[in-house]
file my_file26.cif (mmCIF, C-alpha atoms)
data_entry
loop_
_atom_site.label_atom_id
_atom_site.label_comp_id
_atom_site.auth_asym_id
_atom_site.auth_seq_id
_atom_site.Cartn_x
_atom_site.Cartn_y
_atom_site.Cartn_z
CA MET V 1220 68.57 51.97 27.87
CA LYS V 1221 65.22 50.21 28.17
CA VAL V 1222 63.21 49.65 25.01
CA ASN V 1223 59.83 48.16 24.13
CA LEU V 1224 59.54 46.44 20.76
CA ILE V 1225 56.42 46.46 18.60
CA LEU V 1226 56.76 43.86 15.84
CA SER V 1227 54.45 43.79 12.84
CA GLY V 1228 53.18 40.80 10.92
CA GLY V 1229 54.53 40.06 7.47
CA ALA V 1230 54.65 36.25 7.09
CA GLY V 1231 58.13 35.17 5.91
CA ARG V 1232 59.37 38.74 5.96
CA GLY V 1233 59.05 38.56 9.74
CA ILE V 1234 62.50 36.92 9.64
CA ALA V 1235 63.84 40.49 9.41
CA HIS V 1236 62.70 40.94 13.03
CA LEU V 1237 65.45 38.53 14.05
CA GLY V 1238 68.12 40.78 12.58
CA VAL V 1239 66.60 43.74 14.39
CA LEU V 1240 66.81 41.84 17.69
CA LYS V 1241 70.45 41.03 17.04
CA ALA V 1242 71.19 44.73 16.53
CA VAL V 1243 69.24 45.64 19.68
CA GLU V 1244 71.34 43.21 21.72
CA GLU V 1245 74.65 44.28 20.18
CA LEU V 1246 73.98 47.94 20.92
CA GLY V 1247 73.26 47.15 24.57
CA PHE V 1248 69.55 47.95 24.75
CA GLU V 1249 67.48 46.16 27.39
CA VAL V 1250 64.20 44.77 26.07
CA SER V 1251 61.49 45.43 28.67
CA ALA V 1252 58.49 44.15 26.71
CA LEU V 1253 57.39 43.03 23.26
CA SER V 1254 54.09 43.35 21.44
CA GLY V 1255 53.41 41.62 18.15
CA SER V 1256 50.90 40.50 15.58
CA SER V 1257 51.21 37.28 13.59
CA ALA V 1258 54.90 36.79 12.63
CA GLY V 1259 55.80 39.53 15.11
CA ALA V 1260 54.00 37.62 17.85
CA ILE V 1261 55.90 34.43 17.02
CA VAL V 1262 59.25 36.22 17.20
CA SER V 1263 58.25 37.90 20.48
CA VAL V 1264 57.32 34.59 22.09
CA PHE V 1265 60.43 32.74 20.95
CA TYR V 1266 62.63 35.60 22.14
CA ALA V 1267 60.95 35.72 25.54
CA GLU V 1268 61.31 31.93 25.74
CA GLY V 1269 65.08 32.47 25.63
CA TYR V 1270 66.01 31.83 22.00
CA SER V 1271 68.72 34.09 20.61
CA PRO V 1272 68.19 35.77 17.22
CA LYS V 1273 70.73 33.42 15.62
CA ALA V 1274 69.10 30.35 17.18
CA MET V 1275 65.73 31.45 15.81
CA LEU V 1276 67.27 31.94 12.37
CA GLU V 1277 68.60 28.38 12.41
CA ILE V 1278 65.16 27.07 13.38
CA VAL V 1279 63.64 28.94 10.44
CA LYS V 1280 66.20 27.54 8.03
CA ARG V 1281 65.80 23.91 9.03
CA THR V 1282 62.00 23.89 9.25
CA LYS V 1283 60.00 22.39 6.37
CA TRP V 1284 57.24 24.95 6.52
CA ILE V 1285 54.80 23.37 4.10
CA SER V 1286 54.66 20.29 6.33
CA LEU V 1287 53.14 22.36 9.15
CA PHE V 1288 49.93 23.13 7.27
CA ARG V 1289 47.40 20.33 6.80
CA PRO V 1290 45.06 20.87 3.80
CA LYS V 1291 41.39 20.51 4.66
CA ILE V 1292 38.05 20.61 2.93
CA PRO V 1293 37.43 24.37 2.64
CA ARG V 1294 34.81 25.63 5.05
CA SER V 1295 36.50 28.18 7.29
CA GLY V 1296 40.01 27.98 5.80
CA LEU V 1297 42.19 26.12 3.31
CA PHE V 1298 44.55 24.77 5.97
CA SER V 1299 44.33 23.51 9.52
CA LEU V 1300 46.88 24.66 12.12
CA SER V 1301 46.84 21.38 14.07
CA ARG V 1302 50.34 20.40 12.89
CA SER V 1303 51.61 23.88 13.68
CA GLU V 1304 50.35 23.51 17.24
CA LYS V 1305 52.39 20.33 17.70
CA TYR V 1306 55.42 22.07 16.19
CA LEU V 1307 55.19 25.03 18.57
CA ARG V 1308 54.94 22.80 21.61
CA GLU V 1309 58.25 21.16 20.62
CA PHE V 1310 60.06 24.49 21.05
CA ILE V 1311 58.00 26.41 23.60
CA GLU V 1312 57.85 24.97 27.11
CA THR V 1313 56.06 27.93 28.66
CA GLU V 1314 52.33 27.27 28.79
CA ARG V 1315 50.99 30.69 29.76
CA ILE V 1316 51.78 34.11 28.34
CA GLU V 1317 52.17 35.77 31.74
CA ASP V 1318 55.09 33.45 32.54
CA LEU V 1319 57.23 34.78 29.68
CA LYS V 1320 60.11 37.14 30.45
CA PRO V 1321 60.32 39.84 29.20
CA ARG V 1322 56.61 40.59 29.05
CA VAL V 1323 54.81 39.74 25.82
CA PHE V 1324 51.54 41.04 24.40
CA ILE V 1325 49.98 39.01 21.58
CA CYS V 1326 47.57 40.81 19.28
CA ALA V 1327 44.79 38.76 17.70
CA THR V 1328 41.48 39.68 16.09
CA ASP V 1329 38.25 38.25 17.42
CA LEU V 1330 36.13 37.45 14.36
CA LEU V 1331 32.94 37.38 16.44
CA SER V 1332 33.15 40.75 18.20
CA ALA V 1333 35.22 42.45 15.46
CA LYS V 1334 37.74 43.69 18.05
CA SER V 1335 41.50 43.65 18.46
CA LEU V 1336 42.51 41.71 21.56
CA TYR V 1337 45.83 42.14 23.37
CA PHE V 1338 46.64 39.05 25.39
CA SER V 1339 49.18 39.37 28.21
CA ASP V 1340 47.91 36.28 30.00
CA GLY V 1341 46.19 33.06 29.04
CA GLU V 1342 47.08 29.84 27.24
CA LEU V 1343 50.04 30.63 25.03
CA THR V 1344 49.75 28.18 22.13
CA PRO V 1345 46.14 28.69 20.99
CA ILE V 1346 46.41 32.47 21.33
CA LEU V 1347 49.65 32.55 19.34
CA LEU V 1348 48.18 30.36 16.61
CA GLY V 1349 45.12 32.60 16.50
CA SER V 1350 47.31 35.66 16.04
CA CYS V 1351 48.78 34.00 12.92
CA ALA V 1352 45.57 32.60 11.38
CA LEU V 1353 45.32 34.53 8.13
CA PRO V 1354 41.61 34.60 7.20
CA GLY V 1355 40.70 32.41 4.26
CA ILE V 1356 44.01 30.57 4.39
CA PHE V 1357 43.86 29.17 7.94
CA GLU V 1358 40.79 28.25 9.92
CA PRO V 1359 40.03 30.50 12.93
CA VAL V 1360 41.29 29.31 16.31
CA ARG V 1361 38.67 28.83 18.99
CA TYR V 1362 39.79 30.09 22.40
CA LYS V 1363 37.26 30.57 25.19
CA GLU V 1364 34.45 32.70 23.71
CA PHE V 1365 36.63 33.99 20.86
CA ALA V 1366 37.21 32.94 17.26
CA LEU V 1367 40.73 34.25 16.72
CA ILE V 1368 42.20 35.27 13.39
CA ASP V 1369 45.34 37.17 12.39
CA GLY V 1370 46.00 40.18 14.60
CA GLY V 1371 47.07 42.21 11.58
CA VAL V 1372 43.51 42.32 10.26
CA MET V 1373 42.78 45.23 12.58
CA ASN V 1374 46.18 46.09 14.05
CA ASN V 1375 49.44 45.09 12.39
CA LEU V 1376 51.60 47.32 14.62
CA PRO V 1377 50.11 46.80 18.11
CA VAL V 1378 51.68 49.63 20.08
CA GLU V 1379 48.63 50.21 22.29
CA PRO V 1380 49.56 47.77 25.11
CA LEU V 1381 52.91 49.54 25.51
CA GLU V 1382 51.81 53.18 25.32
CA LYS V 1383 52.39 53.80 29.03
CA SER V 1384 55.42 51.54 29.40
CA GLU V 1385 58.74 52.88 30.59
CA GLY V 1386 61.39 53.12 27.89
CA LEU V 1387 61.51 53.87 24.18
CA LYS V 1388 58.85 52.36 21.95
CA ILE V 1389 60.50 50.94 18.83
CA GLY V 1390 58.17 49.85 16.05
CA VAL V 1391 59.37 47.47 13.36
CA ASP V 1392 57.32 47.31 10.15
CA VAL V 1393 58.18 44.34 7.90
CA ASN V 1394 55.19 44.68 5.59
CA PRO V 1395 56.25 46.99 2.74
CA LEU V 1396 54.52 46.46 -0.59
CA GLU V 1397 55.53 47.21 -4.16
CA LYS V 1398 53.88 46.99 -7.55
CA VAL V 1399 53.93 43.49 -9.08
CA LYS V 1400 53.61 42.36 -12.71
CA ARG V 1401 51.30 39.40 -12.08
CA PRO V 1402 49.02 38.37 -9.22
CA GLY V 1403 50.35 34.81 -8.79
CA GLY V 1404 48.45 31.77 -7.55
CA LEU V 1405 45.58 31.53 -5.09
CA VAL V 1406 47.67 31.69 -1.90
CA SER V 1407 49.75 34.58 -3.27
CA ILE V 1408 46.60 36.50 -4.18
CA LEU V 1409 45.08 35.93 -0.73
CA LEU V 1410 48.29 36.99 0.99
CA ARG V 1411 48.75 40.12 -1.10
CA SER V 1412 45.11 41.13 -0.69
CA PHE V 1413 45.44 40.71 3.06
CA PHE V 1414 48.64 42.74 3.35
CA LEU V 1415 47.24 45.49 1.13
CA ALA V 1416 44.30 45.78 3.51
CA VAL V 1417 46.39 45.96 6.67
CA ARG V 1418 48.59 48.79 5.42
CA SER V 1419 45.93 51.31 6.40
CA ASN V 1420 46.05 50.37 10.07
CA VAL V 1421 49.84 50.60 10.34
CA GLU V 1422 50.70 54.15 9.27
CA LYS V 1423 48.70 55.94 11.98
CA ARG V 1424 50.28 53.78 14.67
CA LYS V 1425 53.80 54.69 13.64
CA ASP V 1426 53.15 58.12 15.17
CA LEU V 1427 52.67 56.43 18.56
CA CYS V 1428 56.17 54.93 18.42
CA ASP V 1429 59.31 56.84 19.41
CA VAL V 1430 61.33 55.14 16.68
CA VAL V 1431 60.25 53.17 13.62
CA ILE V 1432 62.44 50.72 11.71
CA VAL V 1433 61.37 49.69 8.20
CA PRO V 1434 63.86 47.18 6.74
CA ASP V 1435 64.47 47.48 3.00
CA ILE V 1436 62.74 44.23 2.10
CA VAL V 1437 60.13 45.46 -0.38
CA LYS V 1438 61.39 43.08 -3.07
CA PHE V 1439 60.83 40.04 -0.86
CA SER V 1440 57.63 38.01 -0.98
CA PRO V 1441 55.84 37.06 2.24
CA LEU V 1442 56.63 33.47 1.18
CA ASP V 1443 60.41 33.99 0.82
CA VAL V 1444 61.43 31.90 3.84
CA ASN V 1445 64.16 30.35 1.67
CA ARG V 1446 65.91 33.74 1.72
CA ALA V 1447 66.15 33.82 5.49
CA ASP V 1448 69.81 34.90 5.67
CA GLU V 1449 69.15 37.91 3.44
CA LEU V 1450 66.10 38.98 5.41
CA PHE V 1451 68.00 38.61 8.67
CA GLU V 1452 70.89 40.74 7.40
CA LEU V 1453 68.63 43.49 6.05
CA GLY V 1454 66.76 43.67 9.34
CA TYR V 1455 70.07 43.88 11.20
CA ARG V 1456 71.49 46.64 8.98
CA SER V 1457 68.33 48.74 9.14
CA ALA V 1458 68.23 48.52 12.93
CA ILE V 1459 71.92 49.38 13.31
CA ASN V 1460 71.51 52.45 11.09
CA VAL V 1461 68.49 53.72 13.04
CA LEU V 1462 69.41 52.77 16.59
CA LYS V 1463 73.07 53.75 16.69
CA ASN V 1464 71.97 57.39 16.48
CA LEU V 1465 70.12 56.97 19.77
CA LEU V 1466 73.40 56.21 21.52
#
call {"tool": "encode", "arguments": {"input": "my_file26.cif", "output": "structure tokens"}}
result
Amino acid sequence: MKVNLILSGGAGRGIAHLGVLKAVEELGFEVSALSGSSAGAIVSVFYAEGYSPKAMLEIVKRTKWISLFRPKIPRSGLFSLSRSEKYLREFIETERIEDLKPRVFICATDLLSAKSLYFSDGELTPILLGSCALPGIFEPVRYKEFALIDGGVMNNLPVEPLEKSEGLKIGVDVNPLEKVKRPGGLVSILLRSFFLAVRSNVEKRKDLCDVVIVPDIVKFSPLDVNRADELFELGYRSAINVLKNLL
């Protein structure tokens, strides 16, 4: 059975997408295309590049994430993504989005035109970095005439590019939020404020999906990359429970 995957952003909680992909493969579904914002875009690209869910999990676990973000004098963001660009090029050989198989759509927000953009062709690395550039935390990524920031700002479940695609549309939302007792530090406050804002653009798009998977990861922080195995397992279990009924 052919399926199209729509993967939301969620920072570290995007690791749950890897467990979902493992379940999709185990159950024998054929992935025709992927569409993602931010963390969902990263997972989509790595998967289309040929990395298995387990291989991606191992990359997550051995990466020193803080080393990828270079602090800068605040003007358009607290951190530069220049180190992250070098990191991506170590793992991704494909240079253009249209050369990925299966097809990938990367959602990013253009800060200048205030529009969601869905890239299915173009230079892979700058577009992918732009899709992940959380406003205020990372500086926008300049690409052609665009100033790209996180795709989740306007669309954190980018189903639109796949609306007319053959096969089931499976949305995966890894951005649940719960009440917290304290706001945390600056980065935590910025992240939580951002994810609170993007909730409103997700719910209406779930109706455009044939199936929606929401892993039970509400107690995980977007910064919980050190709990990768747990996030992977919860994504896997949620997907198995939802998708096995389709068979």
call {"tool": "atom_distance", "arguments": {"input": "my_file26.cif", "atom1": "CA of Ile1225 in chain V", "atom2": "CA of Val1391 in chain V"}}
result
6.1 Å
call {"tool": "closest_residue", "arguments": {"input": "my_file26.cif", "among": "V:Arg1401, V:Leu1450, V:Lys1383, V:Cys1326", "to": "Ile1368 in chain V", "atoms": "all atoms listed in the file"}}
result
V:Cys1326
call {"tool": "atom_distance", "arguments": {"input": "my_file26.cif", "atom1": "CA of Tyr1306 in chain V", "atom2": "CA of Lys1283 in chain V"}}
result
10.8 Å
call {"tool": "closest_residue", "arguments": {"input": "my_file26.cif", "among": "V:Val1431, V:Ile1459, V:Val1417, V:Met1220", "to": "Gly1247 in chain V", "atoms": "only C-alpha atoms"}}
result
V:Met1220
call {"tool": "closest_residue", "arguments": {"input": "my_file26.cif", "among": "V:Ser1299, V:Asn1460, V:Ser1335, V:Asn1445", "to": "Thr1282 in chain V", "atoms": "all atoms listed in the file"}}
result
V:Asn1445
call {"tool": "atom_distance", "arguments": {"input": "my_file26.cif", "atom1": "CA of Asp1369 in chain V", "atom2": "CA of Gly1390 in chain V"}}
result
18.4 Å
call {"tool": "resolve_selection", "arguments": {"input": "my_file26.cif", "expression": "the PyMOL selection byres ((chain V and resi 1461) around 12)", "output": "ChimeraX atom specification"}}
result
/V:1239,1242-1243,1246,1389-1391,1429-1434,1454-1460,1462-1466
call {"tool": "closest_residue", "arguments": {"input": "my_file26.cif", "among": "V:Glu1277, V:Phe1414, V:Glu1244, V:Ile1436", "to": "Glu1449 in chain V", "atoms": "only C-alpha atoms"}}
result
V:Ile1436
call {"tool": "closest_residue", "arguments": {"input": "my_file26.cif", "among": "V:Pro1272, V:Gly1228, V:Gly1404, V:Gly1349", "to": "Gly1259 in chain V", "atoms": "all atoms listed in the file"}}
result
V:Gly1228
